[in-house]
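Okay, input18.pdb is below, PDB, C-alpha atoms:
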```pdb
ATOM      1  CA  MET C  36      -4.845 131.080 -30.812  1.00  0.00           C
ATOM      2  CA  HIS C  37      -1.766 129.233 -29.632  1.00  0.00           C
ATOM      3  CA  GLN C  38      -1.065 128.288 -26.022  1.00  0.00           C
ATOM      4  CA  VAL C  39       2.271 128.861 -24.314  1.00  0.00           C
ATOM      5  CA  GLN C  40       2.954 127.051 -21.051  1.00  0.00           C
ATOM      6  CA  VAL C  41       5.897 127.805 -18.766  1.00  0.00           C
ATOM      7  CA  ASN C  42       6.928 125.177 -16.228  1.00  0.00           C
ATOM      8  CA  GLU C  43       8.203 127.351 -13.392  1.00  0.00           C
ATOM      9  CA  ASP C  44       9.817 124.352 -11.678  1.00  0.00           C
ATOM     10  CA  TYR C  45      12.307 124.062 -14.562  1.00  0.00           C
ATOM     11  CA  CYS C  46      12.747 127.746 -15.433  1.00  0.00           C
ATOM     12  CA  LYS C  47      15.760 129.795 -14.228  1.00  0.00           C
ATOM     13  CA  GLY C  48      13.703 132.954 -14.579  1.00  0.00           C
ATOM     14  CA  THR C  49      14.018 135.989 -16.760  1.00  0.00           C
ATOM     15  CA  GLU C  50      16.846 137.424 -14.680  1.00  0.00           C
ATOM     16  CA  GLY C  51      18.808 134.156 -14.676  1.00  0.00           C
ATOM     17  CA  CYS C  52      18.244 133.407 -18.348  1.00  0.00           C
ATOM     18  CA  GLY C  53      15.622 135.437 -20.225  1.00  0.00           C
ATOM     19  CA  ILE C  54      16.202 133.795 -23.603  1.00  0.00           C
ATOM     20  CA  CYS C  55      12.442 133.510 -24.178  1.00  0.00           C
ATOM     21  CA  ILE C  56      12.005 137.268 -23.823  1.00  0.00           C
ATOM     22  CA  TRP C  57      14.961 138.016 -26.061  1.00  0.00           C
ATOM     23  CA  ILE C  58      14.181 135.444 -28.792  1.00  0.00           C
ATOM     24  CA  CYS C  59      10.431 136.071 -29.231  1.00  0.00           C
ATOM     25  CA  PRO C  60       9.855 138.029 -32.467  1.00  0.00           C
ATOM     26  CA  LYS C  61       6.420 139.230 -31.281  1.00  0.00           C
ATOM     27  CA  ASP C  62       7.309 140.338 -27.735  1.00  0.00           C
ATOM     28  CA  VAL C  63       4.850 137.888 -26.147  1.00  0.00           C
ATOM     29  CA  PHE C  64       6.677 137.628 -22.798  1.00  0.00           C
ATOM     30  CA  ASP C  65       7.190 140.024 -19.900  1.00  0.00           C
ATOM     31  CA  THR C  66       9.024 139.519 -16.627  1.00  0.00           C
ATOM     32  CA  SER C  67       6.616 138.555 -13.870  1.00  0.00           C
ATOM     33  CA  GLU C  68       6.389 140.820 -10.834  1.00  0.00           C
ATOM     34  CA  ARG C  69       6.007 137.851  -8.489  1.00  0.00           C
ATOM     35  CA  LEU C  70       8.649 135.485  -7.223  1.00  0.00           C
ATOM     36  CA  THR C  71       8.273 131.711  -7.378  1.00  0.00           C
ATOM     37  CA  VAL C  72       9.048 129.410  -4.455  1.00  0.00           C
ATOM     38  CA  GLN C  73      12.600 129.180  -5.824  1.00  0.00           C
ATOM     39  CA  GLY C  74      12.891 132.991  -5.674  1.00  0.00           C
ATOM     40  CA  ILE C  75      12.916 133.636  -9.414  1.00  0.00           C
ATOM     41  CA  ARG C  76      10.816 135.881 -11.624  1.00  0.00           C
ATOM     42  CA  PRO C  77       9.403 133.620 -14.341  1.00  0.00           C
ATOM     43  CA  PRO C  78       8.454 134.810 -17.801  1.00  0.00           C
ATOM     44  CA  LEU C  79       4.864 135.935 -18.012  1.00  0.00           C
ATOM     45  CA  VAL C  80       2.885 135.211 -21.179  1.00  0.00           C
ATOM     46  CA  ALA C  81       1.542 138.751 -21.464  1.00  0.00           C
ATOM     47  CA  ARG C  82       0.406 138.980 -25.091  1.00  0.00           C
ATOM     48  CA  ILE C  83      -0.723 135.494 -26.151  1.00  0.00           C
ATOM     49  CA  GLY C  84      -2.811 136.980 -28.966  1.00  0.00           C
ATOM     50  CA  ASP C  85       0.400 138.145 -30.642  1.00  0.00           C
ATOM     51  CA  CYS C  86       1.972 134.667 -30.596  1.00  0.00           C
ATOM     52  CA  ILE C  87       2.597 133.317 -34.118  1.00  0.00           C
ATOM     53  CA  GLY C  88       3.547 129.827 -32.950  1.00  0.00           C
ATOM     54  CA  CYS C  89       7.137 130.025 -34.205  1.00  0.00           C
ATOM     55  CA  GLU C  90       8.261 127.934 -31.193  1.00  0.00           C
ATOM     56  CA  ASN C  91      11.509 129.907 -30.788  1.00  0.00           C
ATOM     57  CA  CYS C  92      10.901 130.187 -27.052  1.00  0.00           C
ATOM     58  CA  MET C  93      10.428 126.428 -26.752  1.00  0.00           C
ATOM     59  CA  LEU C  94      13.338 125.510 -29.029  1.00  0.00           C
ATOM     60  CA  TYR C  95      15.889 127.834 -27.428  1.00  0.00           C
ATOM     61  CA  CYS C  96      14.892 127.355 -23.775  1.00  0.00           C
ATOM     62  CA  PRO C  97      17.910 125.579 -22.242  1.00  0.00           C
ATOM     63  CA  ASP C  98      15.770 124.136 -19.437  1.00  0.00           C
ATOM     64  CA  LEU C  99      12.927 122.765 -21.591  1.00  0.00           C
ATOM     65  CA  ALA C 100      10.572 124.858 -19.467  1.00  0.00           C
ATOM     66  CA  ILE C 101       8.360 126.160 -22.290  1.00  0.00           C
ATOM     67  CA  VAL C 102       5.808 124.289 -24.383  1.00  0.00           C
ATOM     68  CA  VAL C 103       3.980 125.835 -27.326  1.00  0.00           C
ATOM     69  CA  LEU C 104       0.704 124.201 -28.260  1.00  0.00           C
ATOM     70  CA  LYS C 105      -0.379 125.190 -31.727  1.00  0.00           C
ATOM     71  CA  ASP C 106      -4.006 125.941 -32.490  1.00  0.00           C
ATOM     72  CA  THR C 107      -5.000 122.916 -34.570  1.00  0.00           C
ATOM     73  CA  ALA C 108      -8.588 124.137 -35.008  1.00  0.00           C
ATOM     74  CA  ALA C 109      -7.442 127.071 -37.143  1.00  0.00           C
ATOM     75  CA  ARG C 110      -5.480 124.764 -39.465  1.00  0.00           C
ATOM     76  CA  ALA C 111      -8.314 122.228 -39.753  1.00  0.00           C
ATOM     77  CA  ALA C 112     -10.855 124.806 -40.954  1.00  0.00           C
ATOM     78  CA  PRO C 113     -11.751 124.492 -44.662  1.00  0.00           C
TER      79      PRO C 113
END
```

What do you get writing this file as structure tokens?
Amino acid sequence: MHQVQVNEDYCKGTEGCGICIWICPKDVFDTSERLTVQGIRPPLVARIGDCIGCENCMLYCPDLAIVVLKDTAARAAP
């Protein structure tokens, strides 16, 4: 399984940007119900099991707020 990390200090939130929600082909993200200290609603990684590791969210994020860590154990298996 891949890991998706969102740095909320860099993110403009789903209402201020939302590219990650729009660009994800597997609908991994939702809008969080909570507000950060900056008053934004960050993307919530709601369905990590559906993530295919395409990195679209990371590549298209204008704030470099998302990091996708690919599952190397799955690729290393014989």

Open item on the list: When you count only C-alpha atoms, which of these residues is closest to Pro77 in chain C: C:Lys105, C:Leu94, C:Met36, C:Glu50?
Closed with: C:Glu50

- [ ] Show which residues sit within 12 Å of Trp57 in chain C, as number ranges by chain. Count only C-alpha atoms, and ignore same-chain residues fewer than 6 positions away.
- [x] C: 49-50, 63-66, 78, 91-92, 95-96

TODO: Please identify all polymer residues within 7 Å of Met93 in chain C, counting only C-alpha atoms, omitting same-chain residues fewer than 4 positions from it, and present them as a PyMOL selection string.
DONE: chain C and resi 99+101-103

Task: Residue contacts of Gly84 in chain C (12 Å, only C-alpha atoms) excluding same-chain residues fewer than 3 positions away, as number ranges by chain - done: C: 36-39, 61-64, 80-81, 87-88, 106

Task: Between CA of Leu70 in chain C and CA of Gly51 in chain C, distance in Å (one decimal) - done: 12.7 Å

- [ ] Please evaluate the PyMOL selection byres ((chain C and resi 71) around 12) against the structure above and give the resulting residues as a list in words.
- [x]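 Applied to this file, the PyMOL selection byres ((chain C and resi 71) around 12) returns Asn42, Glu43, Asp44, Tyr45, Cys46, Lys47, Gly48, Thr49, Ser67, Glu68, Arg69, Leu70, Val72, Gln73, Gly74, Ile75, Arg76, Pro77, Pro78 and Leu79 of chain C.
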
- [ ] Mind giving me the straight-line distance from CA of Asp85 in chain C to CA of Asp98 in chain C in Å, one decimal?
- [x] 23.6 Å

If the box runs along x, y and z of the file and leaves 5 Å on each side of range 86-102 of chain C, what are its centre and edge lengths in Å, one decimal, as AutoDock Vina command-line options?
```
--center_x 9.9 --center_y 128.7 --center_z -26.8 --size_x 25.9 --size_y 21.9 --size_z 24.8
```
